[in-house]
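Student: Have a look at the structure that comes next, please.
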Amino acid sequence: MINISEVLETNKMIEKENLDVRTITMGISLLECADSNLEVLCRNIYEKITRLAKDLVKTGEDISQEYGIPIVNKRISITPVSLVGGAACQTTDDYVKIAQVLDRAAEELGVNFIGGYSAIVSKGMTRSDELLIRSIPKAMACTERICSSVNVGSTKTGINMDAVRLLGDIIKDTARMTASRDSLGCAKLVVLCNAPDDNPFMAGAFHGVSEDDAIINVGVSGPGVVKYALEQIRDADFEVLCETIKRTAFKITRVGQLVAQEASRRLGVPFGIIDLSLAPTPAIGDSVADILKEIGLEHPGAPGTTAALALLNDQVKKGGVMASSYVGGLSGAFIPVSEDQGMIDAVEAGALTIEKLEAMTCVCSVGLDMIAIPGDTSAATIAGIIADESAIGMVNQKTTAVRIIPVEGKHVGDTVEFGGLLGYAPIMPVNRFSCKAFVNRGGRIPAPIHSFKN
């Protein structure tokens with residue numbers, strides 16, 4: 001059991017070190033909403049989401065006020081829409097209608113985002129999957145709160161290169177259709193390998209088919225807290241360093257456990273998981289990059305960066321699993337460029353490149369996240385980047401992702417402002433050599449030999 005004394009112990013973390021509960025995310029199954037009539041389907045979806053989540057925002061605000069714990073976002077994740085819309089949706093515009101209904105429900109409820117405009121195509125695409133994927137650019141252009149994800153690979157199935165090639169085009173189209181907002185639609189679209197069913201963080205959140213009818217997942221974030229703890233032991237050896245990170249992660253997770261249990265009890269919805277992810281914000285002092293600098297790097301990207309990040313990620317997970325029996329989602333360190341001021345500084349200093357970020361993703365929780373690139377980058381190059389990142393996830397049996405933004409009209413040296421938690425980003429250069437012949441081969445990259453464990 002968790003008591004209020006544990007929360008009081010963290011007051012300094014909240015007041016001075018940017019500790020927050022980044023999100024309470026309610027996962028909702030829409031499988032029972034399926035219908036061959038599009039209007040009936042949309043009505044079923046709207047009614048179920050607004051019924052189950054009607055008190056989500058108020059509950060988050062009440063818990064925040066009573067316990068003094070900032071809860072930044074209240075979100076919803078749903079069953080991948082391609083699974084729900086198959087019988088009713090005959091065109092891409094049919095799927096866009098569902099996106100608009102979801103957006104309207106999110107606006108009425110007051111949630112920040114709703115995730116699950118998604119397809120799982122790691123081995124192949126159904127007609128419904130392909131229609132949804134092709135609808136993404138228009139759906140992102142005509143909605144405000146919808147997040148989309150596509151899982152293109154897994155350790156068990158390999159990588160669906162037909163889907164990877166298609167998504168290169170889809171990302172380019174999304175950038176063009178949201179060009180007036182600095183291609184913001186791409187910031188709400190992520191391509192995944194080994195996507196978890198219970199991730200509360202956007203843009204990759206969806207409610208997996210293995211989940212309960214409705215659940216509460218909580219994402220906790222505290223890079224500022226870890227940085228402060230490390231400031232107190234600057235001359236310590238690796239043993240003390242690791243122990244400090246682990247103990248700090250334990251305390252952070254206990255706060256999330258309290259919030260999750262309270263939200264579950266008040267909403268009458270089962271508790272799912274705690275995702276302990278060091279998710280940065282543009283705020284000064286709330287940076288994973290600053291933790292890496294505190295460990296001993298001049299800038300992220302310097303030699304030793306991958307080792308330091310591996311150490312950090314491992315200790316965060318070890319502390320989290322001691323604090324809660326239900327740690328899940330991604331849980332580790334996020335390295336989104338636009339959302340982390342320290343990462344932005346490293347890019348501007350010339351210390352951090354896309355290639356080094358790719359190496360770092362081998363040992364952290366996600367992948368190439370919130371990276372702005374020139375608008376004239378080809379679809380084939382984007383597909384190649386997705387394939388590389390998916391291969392890292394597939395071979396290493398971990399989740400990886402690509403959320404990349406080819407900003408229309410922008411070039412290397414420019415910056416782009418997304419606002420809010422999405423921050424701003426310098427336009428990063430990409431490798432200029434072509435991989436078009438590779439991504440155009442079609443078919444599927446087979447699963448690695450170590451995937452056969454039956």
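Ordering of the structure tokens sets the chain letters (A, B, ...), residue numbers begin anew at 1 in every chain, and ligands are numbered from 1 in the order given.
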Write out as a PyMOL selection string which residues come within 8 Å of Thr50 (chain A) when counting only C-alpha atoms, dropping same-chain ones fewer than 2 positions away.
Tutor: chain A and resi 46-48+52-54+105+108-109
Student: If DSSP is run on the backbone, what residues of region 19-131 of chain A are helix (DSSP H, G or I)? A reply as a ChimeraX atom specification would be ideal.
Tutor: /A:31-33,38-52,56-67,81-84,92-109,127-131
Student: Given the selection you just returned, output its residues as a file containing C-alpha atoms, formatted as an mmCIF file, in the first residue's frame.
Tutor:
data_model
loop_
_atom_site.group_PDB
_atom_site.id
_atom_site.type_symbol
_atom_site.label_atom_id
_atom_site.label_comp_id
_atom_site.auth_asym_id
_atom_site.auth_seq_id
_atom_site.Cartn_x
_atom_site.Cartn_y
_atom_site.Cartn_z
ATOM 1 C CA LEU A 31 -14.251 -3.889 -30.616
ATOM 2 C CA GLU A 32 -17.905 -4.063 -29.605
ATOM 3 C CA CYS A 33 -18.590 -0.861 -31.580
ATOM 4 C CA LEU A 38 -20.584 3.684 -41.020
ATOM 5 C CA GLU A 39 -23.048 5.995 -39.295
ATOM 6 C CA VAL A 40 -23.879 3.367 -36.678
ATOM 7 C CA LEU A 41 -20.171 2.652 -36.168
ATOM 8 C CA CYS A 42 -19.375 6.328 -35.633
ATOM 9 C CA ARG A 43 -22.272 6.694 -33.198
ATOM 10 C CA ASN A 44 -21.187 3.607 -31.247
ATOM 11 C CA ILE A 45 -17.614 4.906 -31.020
ATOM 12 C CA TYR A 46 -18.651 8.367 -29.889
ATOM 13 C CA GLU A 47 -21.091 7.078 -27.282
ATOM 14 C CA LYS A 48 -18.708 4.555 -25.733
ATOM 15 C CA ILE A 49 -15.766 6.950 -25.473
ATOM 16 C CA THR A 50 -17.801 9.821 -24.036
ATOM 17 C CA ARG A 51 -19.561 7.489 -21.581
ATOM 18 C CA LEU A 52 -16.465 5.798 -20.169
ATOM 19 C CA LEU A 56 -11.383 11.429 -16.788
ATOM 20 C CA VAL A 57 -10.282 15.067 -16.907
ATOM 21 C CA LYS A 58 -12.063 16.049 -13.694
ATOM 22 C CA THR A 59 -10.633 13.042 -11.862
ATOM 23 C CA GLY A 60 -7.113 13.963 -12.952
ATOM 24 C CA GLU A 61 -7.608 17.544 -11.840
ATOM 25 C CA ASP A 62 -9.060 16.462 -8.485
ATOM 26 C CA ILE A 63 -6.168 14.099 -7.751
ATOM 27 C CA SER A 64 -3.665 16.756 -8.767
ATOM 28 C CA GLN A 65 -5.244 19.309 -6.435
ATOM 29 C CA GLU A 66 -5.632 16.950 -3.486
ATOM 30 C CA TYR A 67 -2.137 15.486 -3.579
ATOM 31 C CA VAL A 81 -9.121 1.814 -35.754
ATOM 32 C CA SER A 82 -8.283 -0.447 -38.720
ATOM 33 C CA LEU A 83 -9.601 -3.374 -36.643
ATOM 34 C CA VAL A 84 -12.862 -1.603 -35.893
ATOM 35 C CA THR A 92 -10.145 6.508 -47.181
ATOM 36 C CA ASP A 93 -12.773 9.220 -46.646
ATOM 37 C CA ASP A 94 -14.801 6.757 -44.577
ATOM 38 C CA TYR A 95 -11.856 6.434 -42.214
ATOM 39 C CA VAL A 96 -11.448 10.206 -42.110
ATOM 40 C CA LYS A 97 -15.052 10.431 -40.870
ATOM 41 C CA ILE A 98 -14.093 8.195 -37.952
ATOM 42 C CA ALA A 99 -11.099 10.441 -37.238
ATOM 43 C CA GLN A 100 -13.382 13.464 -37.122
ATOM 44 C CA VAL A 101 -15.763 11.702 -34.723
ATOM 45 C CA LEU A 102 -12.815 10.802 -32.481
ATOM 46 C CA ASP A 103 -11.618 14.402 -32.581
ATOM 47 C CA ARG A 104 -15.070 15.659 -31.636
ATOM 48 C CA ALA A 105 -15.246 13.231 -28.700
ATOM 49 C CA ALA A 106 -11.784 14.294 -27.515
ATOM 50 C CA GLU A 107 -12.751 17.956 -27.691
ATOM 51 C CA GLU A 108 -15.977 17.382 -25.750
ATOM 52 C CA LEU A 109 -14.169 15.471 -23.029
ATOM 53 C CA ARG A 127 -7.513 -3.936 -47.194
ATOM 54 C CA SER A 128 -8.763 -2.148 -44.068
ATOM 55 C CA ASP A 129 -5.194 -1.542 -42.837
ATOM 56 C CA GLU A 130 -4.128 -0.056 -46.148
ATOM 57 C CA LEU A 131 -7.177 2.200 -46.384
#
Student: Might you pull out every residue within 10 Å of Gly27 (chain A), with only C-alpha atoms counted and same-chain residues fewer than 5 positions away left off, and present them as a PyMOL selection string?
Tutor: chain A and resi 49+52-53+75-79+114-116+197-200+205-208+211-217+269+272
Student: Could you write out the selected residues, including N, CA and C atoms, as an mmCIF file, in the first residue's frame?
Tutor:
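Final output, saved to result15.cif:
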data_model
loop_
_atom_site.group_PDB
_atom_site.id
_atom_site.type_symbol
_atom_site.label_atom_id
_atom_site.label_comp_id
_atom_site.auth_asym_id
_atom_site.auth_seq_id
_atom_site.Cartn_x
_atom_site.Cartn_y
_atom_site.Cartn_z
ATOM 1 N N ILE A 49 -16.877 6.135 -25.982
ATOM 2 C CA ILE A 49 -15.766 6.950 -25.473
ATOM 3 C C ILE A 49 -16.269 8.020 -24.518
ATOM 4 N N LEU A 52 -17.483 6.330 -21.070
ATOM 5 C CA LEU A 52 -16.465 5.798 -20.169
ATOM 6 C C LEU A 52 -15.496 6.878 -19.672
ATOM 7 N N ALA A 53 -15.212 7.867 -20.506
ATOM 8 C CA ALA A 53 -14.186 8.862 -20.153
ATOM 9 C C ALA A 53 -14.778 10.191 -19.706
ATOM 10 N N ARG A 75 -5.404 11.687 -21.390
ATOM 11 C CA ARG A 75 -5.454 11.184 -22.750
ATOM 12 C C ARG A 75 -6.291 9.911 -22.821
ATOM 13 N N ILE A 76 -6.621 9.542 -24.042
ATOM 14 C CA ILE A 76 -7.371 8.318 -24.296
ATOM 15 C C ILE A 76 -6.638 7.525 -25.372
ATOM 16 N N SER A 77 -6.577 6.226 -25.191
ATOM 17 C CA SER A 77 -6.098 5.343 -26.267
ATOM 18 C C SER A 77 -7.205 4.361 -26.601
ATOM 19 N N ILE A 78 -7.302 3.981 -27.861
ATOM 20 C CA ILE A 78 -8.394 3.127 -28.318
ATOM 21 C C ILE A 78 -7.854 1.959 -29.136
ATOM 22 N N THR A 79 -8.710 0.969 -29.330
ATOM 23 C CA THR A 79 -8.390 -0.145 -30.209
ATOM 24 C C THR A 79 -7.948 0.381 -31.574
ATOM 25 N N ILE A 114 -6.048 11.788 -28.329
ATOM 26 C CA ILE A 114 -6.625 10.450 -28.390
ATOM 27 C C ILE A 114 -5.817 9.652 -29.404
ATOM 28 N N GLY A 115 -5.221 8.562 -28.944
ATOM 29 C CA GLY A 115 -4.350 7.741 -29.785
ATOM 30 C C GLY A 115 -5.014 6.431 -30.157
ATOM 31 N N GLY A 116 -4.664 5.925 -31.316
ATOM 32 C CA GLY A 116 -5.222 4.664 -31.766
ATOM 33 C C GLY A 116 -5.763 4.720 -33.176
ATOM 34 N N ASP A 197 1.162 -2.985 -26.253
ATOM 35 C CA ASP A 197 -0.289 -2.798 -26.213
ATOM 36 C C ASP A 197 -0.741 -1.786 -25.162
ATOM 37 N N ASP A 198 0.169 -1.375 -24.271
ATOM 38 C CA ASP A 198 -0.270 -0.622 -23.088
ATOM 39 C C ASP A 198 0.489 0.693 -22.883
ATOM 40 N N ASN A 199 1.055 1.228 -23.939
ATOM 41 C CA ASN A 199 1.831 2.462 -23.848
ATOM 42 C C ASN A 199 0.910 3.669 -23.652
ATOM 43 N N PRO A 200 1.101 4.468 -22.583
ATOM 44 C CA PRO A 200 0.238 5.632 -22.380
ATOM 45 C C PRO A 200 0.726 6.898 -23.084
ATOM 46 N N ALA A 205 0.409 5.553 -28.614
ATOM 47 C CA ALA A 205 -0.531 4.855 -27.740
ATOM 48 C C ALA A 205 -1.691 4.267 -28.527
ATOM 49 N N PHE A 206 -2.011 3.002 -28.237
ATOM 50 C CA PHE A 206 -3.266 2.397 -28.668
ATOM 51 C C PHE A 206 -3.637 1.342 -27.634
ATOM 52 N N HIS A 207 -4.893 0.913 -27.664
ATOM 53 C CA HIS A 207 -5.406 -0.051 -26.692
ATOM 54 C C HIS A 207 -5.380 -1.427 -27.328
ATOM 55 N N GLY A 208 -4.450 -2.267 -26.902
ATOM 56 C CA GLY A 208 -4.260 -3.557 -27.537
ATOM 57 C C GLY A 208 -5.420 -4.511 -27.330
ATOM 58 N N GLU A 211 -6.026 -6.345 -23.962
ATOM 59 C CA GLU A 211 -6.340 -5.571 -22.771
ATOM 60 C C GLU A 211 -7.806 -5.735 -22.350
ATOM 61 N N ASP A 212 -8.101 -5.285 -21.125
ATOM 62 C CA ASP A 212 -9.466 -5.257 -20.598
ATOM 63 C C ASP A 212 -10.315 -4.281 -21.411
ATOM 64 N N ASP A 213 -11.622 -4.265 -21.146
ATOM 65 C CA ASP A 213 -12.516 -3.374 -21.881
ATOM 66 C C ASP A 213 -12.104 -1.914 -21.705
ATOM 67 N N ALA A 214 -11.672 -1.576 -20.510
ATOM 68 C CA ALA A 214 -11.133 -0.234 -20.238
ATOM 69 C C ALA A 214 -10.101 -0.351 -19.130
ATOM 70 N N ILE A 215 -9.041 0.425 -19.220
ATOM 71 C CA ILE A 215 -7.978 0.399 -18.216
ATOM 72 C C ILE A 215 -7.443 1.813 -18.000
ATOM 73 N N ILE A 216 -6.716 1.978 -16.902
ATOM 74 C CA ILE A 216 -6.005 3.222 -16.628
ATOM 75 C C ILE A 216 -4.511 2.950 -16.637
ATOM 76 N N ASN A 217 -3.792 3.618 -17.536
ATOM 77 C CA ASN A 217 -2.331 3.572 -17.577
ATOM 78 C C ASN A 217 -1.799 4.952 -17.232
ATOM 79 N N VAL A 269 -12.360 1.902 -13.099
ATOM 80 C CA VAL A 269 -11.709 1.264 -14.243
ATOM 81 C C VAL A 269 -10.436 0.576 -13.743
ATOM 82 N N GLY A 272 -3.955 -0.532 -15.152
ATOM 83 C CA GLY A 272 -3.156 -1.295 -16.100
ATOM 84 C C GLY A 272 -1.691 -1.304 -15.730
#
Student: Take CA of Asn112 (chain A) and CA of Leu19 (chain A) and report the distance between them in Å, one decimal.
Tutor: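 Distance reported for this atom pair: 19.4 Å.
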Student: Using only C-alpha atoms, I'd like a table of the residues in region 243-282 of chain A that come within 12 Å of region 333-345 of chain A; for each, show the closest atom pair and its distance in Å rounded to one decimal, ordered by chain and ascending number, as CSV.
Tutor:
residue,atom,partner,partner_atom,distance
A:Ile245,CA,A:Ala333,CA,11.9
A:Ala249,CA,A:Ala333,CA,11.2
A:Asp275,CA,A:Ala333,CA,10.8
A:Leu276,CA,A:Ala333,CA,8.6
A:Ser277,CA,A:Ala333,CA,5.5
A:Leu278,CA,A:Ala333,CA,4.6
A:Ala279,CA,A:Phe334,CA,5.2
A:Pro280,CA,A:Asp340,CA,5.5
A:Thr281,CA,A:Glu339,CA,4.9
A:Pro282,CA,A:Glu339,CA,5.0
Student: Excluding region 298-313 of chain A and its own-chain neighbours fewer than 2 positions away, which residues fall within 8 Å of it when counting only C-alpha atoms? Please give them as a list in words.
Tutor: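 In the requested form, the answer reads Cys242, Ile245, Ala289, Leu292, Lys293, Ile295, Gly296, Gln315, Val316, Lys317, Gly332, Ala333, Met343, Ala346, Ala351, Leu352, Thr353, Lys356, Leu357, Ala359, Met360, Val363, Cys364 and Ser365 of chain A.
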Student: Set the distance at 6 Å and use only C-alpha atoms: which residues neighbour region 318-328 of chain A once local chain neighbours fewer than 4 positions away are removed? I'd like the list as a list in words.
Tutor: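 Residues meeting the cut-off are Lys246, Arg247, Ala249, Phe250, Thr253, Arg254, Ile273, Ile274 and Asp275 of chain A.
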Student: The selected residues should be written to file as a PDB file, in the first residue's frame (atoms: N, CA, C and O atoms).
Tutor:
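Final output, part.pdb:
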ATOM      1  N   LYS A 246      18.819   4.456  -9.607  1.00  0.00           N
ATOM      2  CA  LYS A 246      17.840   3.420  -9.295  1.00  0.00           C
ATOM      3  C   LYS A 246      16.929   3.842  -8.148  1.00  0.00           C
ATOM      4  O   LYS A 246      15.703   3.699  -8.220  1.00  0.00           O
ATOM      5  N   ARG A 247      17.521   4.390  -7.086  1.00  0.00           N
ATOM      6  CA  ARG A 247      16.716   4.824  -5.943  1.00  0.00           C
ATOM      7  C   ARG A 247      15.786   5.986  -6.312  1.00  0.00           C
ATOM      8  O   ARG A 247      14.643   6.056  -5.855  1.00  0.00           O
ATOM      9  N   ALA A 249      14.551   6.614  -9.336  1.00  0.00           N
ATOM     10  CA  ALA A 249      13.486   6.050 -10.170  1.00  0.00           C
ATOM     11  C   ALA A 249      12.441   5.348  -9.319  1.00  0.00           C
ATOM     12  O   ALA A 249      11.238   5.407  -9.609  1.00  0.00           O
ATOM     13  N   PHE A 250      12.868   4.695  -8.267  1.00  0.00           N
ATOM     14  CA  PHE A 250      11.934   4.035  -7.345  1.00  0.00           C
ATOM     15  C   PHE A 250      10.959   5.046  -6.754  1.00  0.00           C
ATOM     16  O   PHE A 250       9.742   4.846  -6.755  1.00  0.00           O
ATOM     17  N   THR A 253       8.463   6.380  -9.338  1.00  0.00           N
ATOM     18  CA  THR A 253       7.458   5.392  -9.706  1.00  0.00           C
ATOM     19  C   THR A 253       6.394   5.258  -8.636  1.00  0.00           C
ATOM     20  O   THR A 253       5.213   5.055  -8.934  1.00  0.00           O
ATOM     21  N   ARG A 254       6.773   5.375  -7.366  1.00  0.00           N
ATOM     22  CA  ARG A 254       5.795   5.266  -6.283  1.00  0.00           C
ATOM     23  C   ARG A 254       4.760   6.386  -6.367  1.00  0.00           C
ATOM     24  O   ARG A 254       3.586   6.185  -6.056  1.00  0.00           O
ATOM     25  N   ILE A 273      -0.957  -0.254 -16.143  1.00  0.00           N
ATOM     26  CA  ILE A 273       0.492  -0.219 -15.891  1.00  0.00           C
ATOM     27  C   ILE A 273       0.959   1.194 -15.539  1.00  0.00           C
ATOM     28  O   ILE A 273       0.265   2.184 -15.797  1.00  0.00           O
ATOM     29  N   ILE A 274       2.134   1.245 -14.943  1.00  0.00           N
ATOM     30  CA  ILE A 274       2.896   2.487 -14.787  1.00  0.00           C
ATOM     31  C   ILE A 274       3.997   2.476 -15.835  1.00  0.00           C
ATOM     32  O   ILE A 274       4.740   1.508 -15.963  1.00  0.00           O
ATOM     33  N   ASP A 275       4.081   3.537 -16.603  1.00  0.00           N
ATOM     34  CA  ASP A 275       5.177   3.709 -17.545  1.00  0.00           C
ATOM     35  C   ASP A 275       6.120   4.755 -16.969  1.00  0.00           C
ATOM     36  O   ASP A 275       5.793   5.935 -16.910  1.00  0.00           O
TER      37      ASP A 275
END
Student: Pick from A:Asp286, A:Val121, A:Arg265, A:Ile233: nearest to Leu421 (chain A), with only C-alpha atoms counted?
Tutor: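 The shortest atom-to-atom distance to Leu421 (chain A) comes from A:Asp286.
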Student: Rank nothing, just name the residue among A:Thr143, A:Ser135, A:Tyr117, A:Asp290 nearest to Thr91 (chain A), using only C-alpha atoms.
Tutor: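 Of A:Thr143, A:Ser135, A:Tyr117, A:Asp290, the one nearest Thr91 (chain A) is A:Ser135, counting only C-alpha atoms.
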Student: Work out how far apart CA of Val164 (chain A) and CA of Thr126 (chain A) are and give it in Å to one decimal.
Tutor: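 For CA of Val164 (chain A) relative to CA of Thr126 (chain A), the distance reads 14.8 Å.
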Student: Nearest to Ile427 (chain A): which of A:Gly124, A:Gly443, A:Pro448, A:Gly375 is it, counting only C-alpha atoms?
Tutor: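 Of A:Gly124, A:Gly443, A:Pro448, A:Gly375, the one nearest Ile427 (chain A) is A:Gly375, counting only C-alpha atoms.
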Student: What does the structure give for the distance between CA of Thr248 (chain A) and CA of Phe113 (chain A), in Å to one decimal?
Tutor: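 It comes out at 28.9 Å.
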Student: Between A:Ala88, A:Ala425, A:Ala236, A:Ala380, which has the minimum distance to Asn440 (chain A) (counting only C-alpha atoms)?
Tutor: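 With only C-alpha atoms as the atom set, the closest residue is A:Ala380.
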Student: Enumerate, as a ChimeraX atom specification, the complete set of residues in region 79-305 of chain A that a backbone-based DSSP assignment places in strand (DSSP E or B).
Tutor: /A:113-120,146-154,158-160,189-193,214-221,271-278
Student: Give me, as an MDAnalysis selection string, all polymer residues having an atom no more than 7 Å from region 390-403 of chain A, counting only C-alpha atoms and skipping those fewer than 3 positions away in the same chain.
Tutor: chainID A and resid 153:155 158 187 189:195 362 365:371 386:387 448
Student: Using only C-alpha atoms, which of A:Pro270, A:Gln261, A:Asp237, A:Val288 sits nearest Gly224 (chain A)?
Tutor: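 Closest candidate: A:Val288.
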